[in-house]
Every structure is written in C-alpha cells, then in structure tokens.
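Visitor: File follows, input.cif with mmCIF, C-alpha atoms, pLDDT in the B column; chains and numbers go by the auth columns:
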```cif
data_structure
loop_
_atom_site.group_PDB
_atom_site.id
_atom_site.type_symbol
_atom_site.label_atom_id
_atom_site.label_comp_id
_atom_site.label_asym_id
_atom_site.label_seq_id
_atom_site.Cartn_x
_atom_site.Cartn_y
_atom_site.Cartn_z
_atom_site.B_iso_or_equiv
_atom_site.auth_seq_id
_atom_site.auth_asym_id
ATOM 1 C CA MET A 1 -8.954 4.938 9.840 48.00 1 T
ATOM 2 C CA ALA A 2 -6.768 7.098 12.005 61.00 2 T
ATOM 3 C CA TYR A 3 -4.154 7.749 9.341 73.00 3 T
ATOM 4 C CA SER A 4 -4.084 11.075 7.538 80.00 4 T
ATOM 5 C CA LYS A 5 -3.054 11.261 3.888 82.00 5 T
ATOM 6 C CA ASP A 6 0.375 12.566 4.924 86.00 6 T
ATOM 7 C CA GLU A 7 0.834 9.607 7.264 82.00 7 T
ATOM 8 C CA VAL A 8 -0.188 7.133 4.552 80.00 8 T
ATOM 9 C CA VAL A 9 2.169 8.767 2.025 81.00 9 T
ATOM 10 C CA ALA A 10 5.007 8.642 4.586 83.00 10 T
ATOM 11 C CA TRP A 11 4.245 4.990 5.333 78.00 11 T
ATOM 12 C CA VAL A 12 4.192 4.126 1.617 79.00 12 T
ATOM 13 C CA GLU A 13 7.589 5.813 1.290 82.00 13 T
ATOM 14 C CA ASN A 14 8.994 4.113 4.423 81.00 14 T
ATOM 15 C CA LEU A 15 7.886 0.705 3.139 77.00 15 T
ATOM 16 C CA HIS A 16 9.395 1.577 -0.260 80.00 16 T
ATOM 17 C CA LEU A 17 6.165 0.630 -2.032 75.00 17 T
ATOM 18 C CA SER A 18 6.928 3.038 -4.851 73.00 18 T
ATOM 19 C CA THR A 19 9.932 0.910 -5.820 75.00 19 T
ATOM 20 C CA TRP A 20 7.512 -1.658 -7.230 75.00 20 T
ATOM 21 C CA GLY A 21 6.017 0.786 -9.713 76.00 21 T
ATOM 22 C CA PRO A 22 3.863 3.898 -10.010 81.00 22 T
ATOM 23 C CA THR A 23 2.058 4.464 -6.719 82.00 23 T
ATOM 24 C CA THR A 24 -0.973 6.673 -6.189 85.00 24 T
ATOM 25 C CA VAL A 25 -2.377 7.605 -2.782 84.00 25 T
ATOM 26 C CA ASP A 26 -5.949 8.928 -2.638 85.00 26 T
ATOM 27 C CA TRP A 27 -6.809 9.395 1.014 82.00 27 T
ATOM 28 C CA ASN A 28 -9.476 11.831 2.193 78.00 28 T
ATOM 29 C CA ASP A 29 -12.915 11.857 3.781 76.00 29 T
ATOM 30 C CA GLN A 30 -14.554 10.430 0.656 81.00 30 T
ATOM 31 C CA ILE A 31 -12.040 7.824 -0.489 84.00 31 T
ATOM 32 C CA HIS A 32 -9.281 5.666 0.952 85.00 32 T
ATOM 33 C CA ARG A 33 -7.132 4.027 -1.699 88.00 33 T
ATOM 34 C CA VAL A 34 -3.500 3.205 -2.248 87.00 34 T
ATOM 35 C CA HIS A 35 -2.851 1.903 -5.752 88.00 35 T
ATOM 36 C CA VAL A 36 0.445 0.318 -6.789 85.00 36 T
ATOM 37 C CA THR A 37 0.923 -0.615 -10.441 86.00 37 T
ATOM 38 C CA VAL A 38 3.575 -3.271 -11.099 84.00 38 T
ATOM 39 C CA ALA A 39 5.112 -4.718 -14.234 79.00 39 T
ATOM 40 C CA ASP A 40 5.365 -8.220 -15.627 75.00 40 T
ATOM 41 C CA GLY A 41 2.363 -9.796 -13.941 80.00 41 T
ATOM 42 C CA GLY A 42 3.901 -9.446 -10.495 84.00 42 T
ATOM 43 C CA SER A 43 0.898 -8.073 -8.623 87.00 43 T
ATOM 44 C CA GLU A 44 0.329 -11.167 -6.471 91.00 44 T
ATOM 45 C CA LYS A 45 3.992 -11.354 -5.458 88.00 45 T
ATOM 46 C CA VAL A 46 4.155 -7.642 -4.687 86.00 46 T
ATOM 47 C CA ARG A 47 0.914 -7.759 -2.688 89.00 47 T
ATOM 48 C CA LYS A 48 2.391 -10.557 -0.547 92.00 48 T
ATOM 49 C CA GLU A 49 5.604 -8.570 -0.033 86.00 49 T
ATOM 50 C CA ILE A 50 3.612 -5.527 1.054 86.00 50 T
ATOM 51 C CA GLU A 51 1.484 -7.633 3.403 92.00 51 T
ATOM 52 C CA LYS A 52 4.685 -9.061 4.886 91.00 52 T
ATOM 53 C CA ALA A 53 6.096 -5.545 5.418 86.00 53 T
ATOM 54 C CA VAL A 54 2.852 -4.427 7.054 88.00 54 T
ATOM 55 C CA GLN A 55 2.840 -7.489 9.312 93.00 55 T
ATOM 56 C CA SER A 56 6.400 -6.643 10.334 91.00 56 T
ATOM 57 C CA GLU A 57 5.207 -3.156 11.315 87.00 57 T
ATOM 58 C CA ILE A 58 2.462 -4.754 13.436 92.00 58 T
ATOM 59 C CA ASP A 59 4.871 -7.270 15.018 96.00 59 T
ATOM 60 C CA ASN A 60 7.320 -4.482 15.877 94.00 60 T
ATOM 61 C CA HIS A 61 4.496 -2.410 17.420 94.00 61 T
ATOM 62 C CA THR A 62 5.282 0.489 15.084 88.00 62 T
ATOM 63 C CA THR A 63 1.716 0.734 13.811 86.00 63 T
ATOM 64 C CA ASN A 64 -1.762 0.104 15.102 88.00 64 T
ATOM 65 C CA PRO A 65 -3.013 -3.317 13.912 92.00 65 T
ATOM 66 C CA ASP A 66 -6.515 -2.008 13.139 90.00 66 T
ATOM 67 C CA ASP A 67 -5.117 0.844 11.076 85.00 67 T
ATOM 68 C CA ALA A 68 -2.778 -1.534 9.271 87.00 68 T
ATOM 69 C CA GLU A 69 -5.680 -3.842 8.418 89.00 69 T
ATOM 70 C CA ASP A 70 -7.655 -0.857 7.145 86.00 70 T
ATOM 71 C CA PHE A 71 -4.664 0.128 5.006 86.00 71 T
ATOM 72 C CA LEU A 72 -4.496 -3.380 3.512 91.00 72 T
ATOM 73 C CA ALA A 73 -8.244 -3.364 2.873 92.00 73 T
ATOM 74 C CA HIS A 74 -7.747 -0.224 0.766 89.00 74 T
ATOM 75 C CA LEU A 75 -4.575 -1.373 -0.990 89.00 75 T
ATOM 76 C CA TYR A 76 -4.858 -2.205 -4.680 90.00 76 T
ATOM 77 C CA VAL A 77 -1.960 -3.825 -6.492 89.00 77 T
ATOM 78 C CA THR A 78 -2.509 -4.275 -10.212 88.00 78 T
ATOM 79 C CA ASP A 79 -0.461 -5.320 -13.200 87.00 79 T
ATOM 80 C CA TYR A 80 0.600 -2.696 -15.702 82.00 80 T
ATOM 81 C CA MET A 81 -1.205 -3.258 -18.975 74.00 81 T
ATOM 82 C CA PRO A 82 0.239 -1.447 -21.991 67.00 82 T
ATOM 83 C CA GLU A 83 -2.324 -0.123 -24.390 64.00 83 T
ATOM 84 C CA ASP A 84 -2.454 -1.748 -27.810 53.00 84 T
#
```
In structure tokens, how does this file's structure come out?

Guide:
Amino acid sequence: MAYSKDEVVAWVENLHLSTWGPTTVDWNDQIHRVHVTVADGGSEKVRKEIEKAVQSEIDNHTTNPDDAEDFLAHLYVTDYMPED
C-alpha cells in the first residue's frame, strides 16, 4: 500500500473514525492494521459507515481506489467487551 503511517493516521482523523471509539493504527513494513473498538455491539453498523466514507473518498477522487481497498482489507472494527 502506498500510504505511510502518517497518511493513514491523517485519513483516520479526517474520516473521524476515532469518534466511534478507541482507534489504534499499526502501520509499518511488518504490519498494516487499523483497529476501531466500538461500544454497544455496533461494530457492523460502524464498519458500514466507514466503508461508506471510504467509498465517498473514492467517488470524489480524493484517494486511490486500490489504496482505499487495501485500507479496508486491514480495517478491524470490533465490539468493546468489558472484562468480568
């Protein structure tokens, strides 16, 4: 993927992904991962919202479609699970 970690972090911020919950970006030569943790079992809904935002970036020609698809392939949205 052509994105650097700084570019991915900036994109995450521009798409306001961190408003859904704690967001971690691990992006280097060994690992590509963006992890968003959401509350109340909303991971499917949030994933769809993020995919919609990414598609909007593609439609507006503000990102490379291949890079956007790579980003989505490395995007993990999970539900917050409190420990017992």

Visitor: Put the listed atoms of range 48-57 of chain T in a box along x, y and z with 5 Å added on every side and give me the centre and edge lengths in Å to one decimal, as lines of an AutoDock Vina configuration file.

Guide:
```
center_x = 3.9
center_y = -6.9
center_z = 5.4
size_x = 14.9
size_y = 17.4
size_z = 21.9
```

Visitor: Can you spell out as an NGL selection string the set of residues that the PyMOL selection byres ((chain T and resi 34-40) around 10) selects in the structure I just provided?

Guide: :T and (8-9 or 12 or 17-27 or 31-33 or 41-47 or 71-82)

Visitor: Write the residues you've just listed into a file as a short mmCIF file (atom, residue, chain, number, x, y, z; two decimals), keeping the file's coordinate frame, and include C-alpha atoms for each of them.

Guide:
```
data_model
loop_
_atom_site.label_atom_id
_atom_site.label_comp_id
_atom_site.auth_asym_id
_atom_site.auth_seq_id
_atom_site.Cartn_x
_atom_site.Cartn_y
_atom_site.Cartn_z
CA VAL T 8 -0.19 7.13 4.55
CA VAL T 9 2.17 8.77 2.02
CA VAL T 12 4.19 4.13 1.62
CA LEU T 17 6.16 0.63 -2.03
CA SER T 18 6.93 3.04 -4.85
CA THR T 19 9.93 0.91 -5.82
CA TRP T 20 7.51 -1.66 -7.23
CA GLY T 21 6.02 0.79 -9.71
CA PRO T 22 3.86 3.90 -10.01
CA THR T 23 2.06 4.46 -6.72
CA THR T 24 -0.97 6.67 -6.19
CA VAL T 25 -2.38 7.60 -2.78
CA ASP T 26 -5.95 8.93 -2.64
CA TRP T 27 -6.81 9.40 1.01
CA ILE T 31 -12.04 7.82 -0.49
CA HIS T 32 -9.28 5.67 0.95
CA ARG T 33 -7.13 4.03 -1.70
CA GLY T 41 2.36 -9.80 -13.94
CA GLY T 42 3.90 -9.45 -10.50
CA SER T 43 0.90 -8.07 -8.62
CA GLU T 44 0.33 -11.17 -6.47
CA LYS T 45 3.99 -11.35 -5.46
CA VAL T 46 4.16 -7.64 -4.69
CA ARG T 47 0.91 -7.76 -2.69
CA PHE T 71 -4.66 0.13 5.01
CA LEU T 72 -4.50 -3.38 3.51
CA ALA T 73 -8.24 -3.36 2.87
CA HIS T 74 -7.75 -0.22 0.77
CA LEU T 75 -4.58 -1.37 -0.99
CA TYR T 76 -4.86 -2.20 -4.68
CA VAL T 77 -1.96 -3.82 -6.49
CA THR T 78 -2.51 -4.28 -10.21
CA ASP T 79 -0.46 -5.32 -13.20
CA TYR T 80 0.60 -2.70 -15.70
CA MET T 81 -1.20 -3.26 -18.98
CA PRO T 82 0.24 -1.45 -21.99
#
```

Visitor: Could you jot down the CA of Lys5 in chain T to CA of Asp70 in chain T separation for me, Å, one decimal place?

Guide: 13.4 Å

Visitor: Set the distance at 10 Å and use only C-alpha atoms: which residues neighbour Val54 in chain T once local chain neighbours fewer than 6 positions away are removed? I'd like the list as a list in words.

Guide: Trp11, Leu15, Lys48, Asn60, Thr62, Thr63, Pro65, Ala68, Glu69, Phe71 and Leu72 of chain T
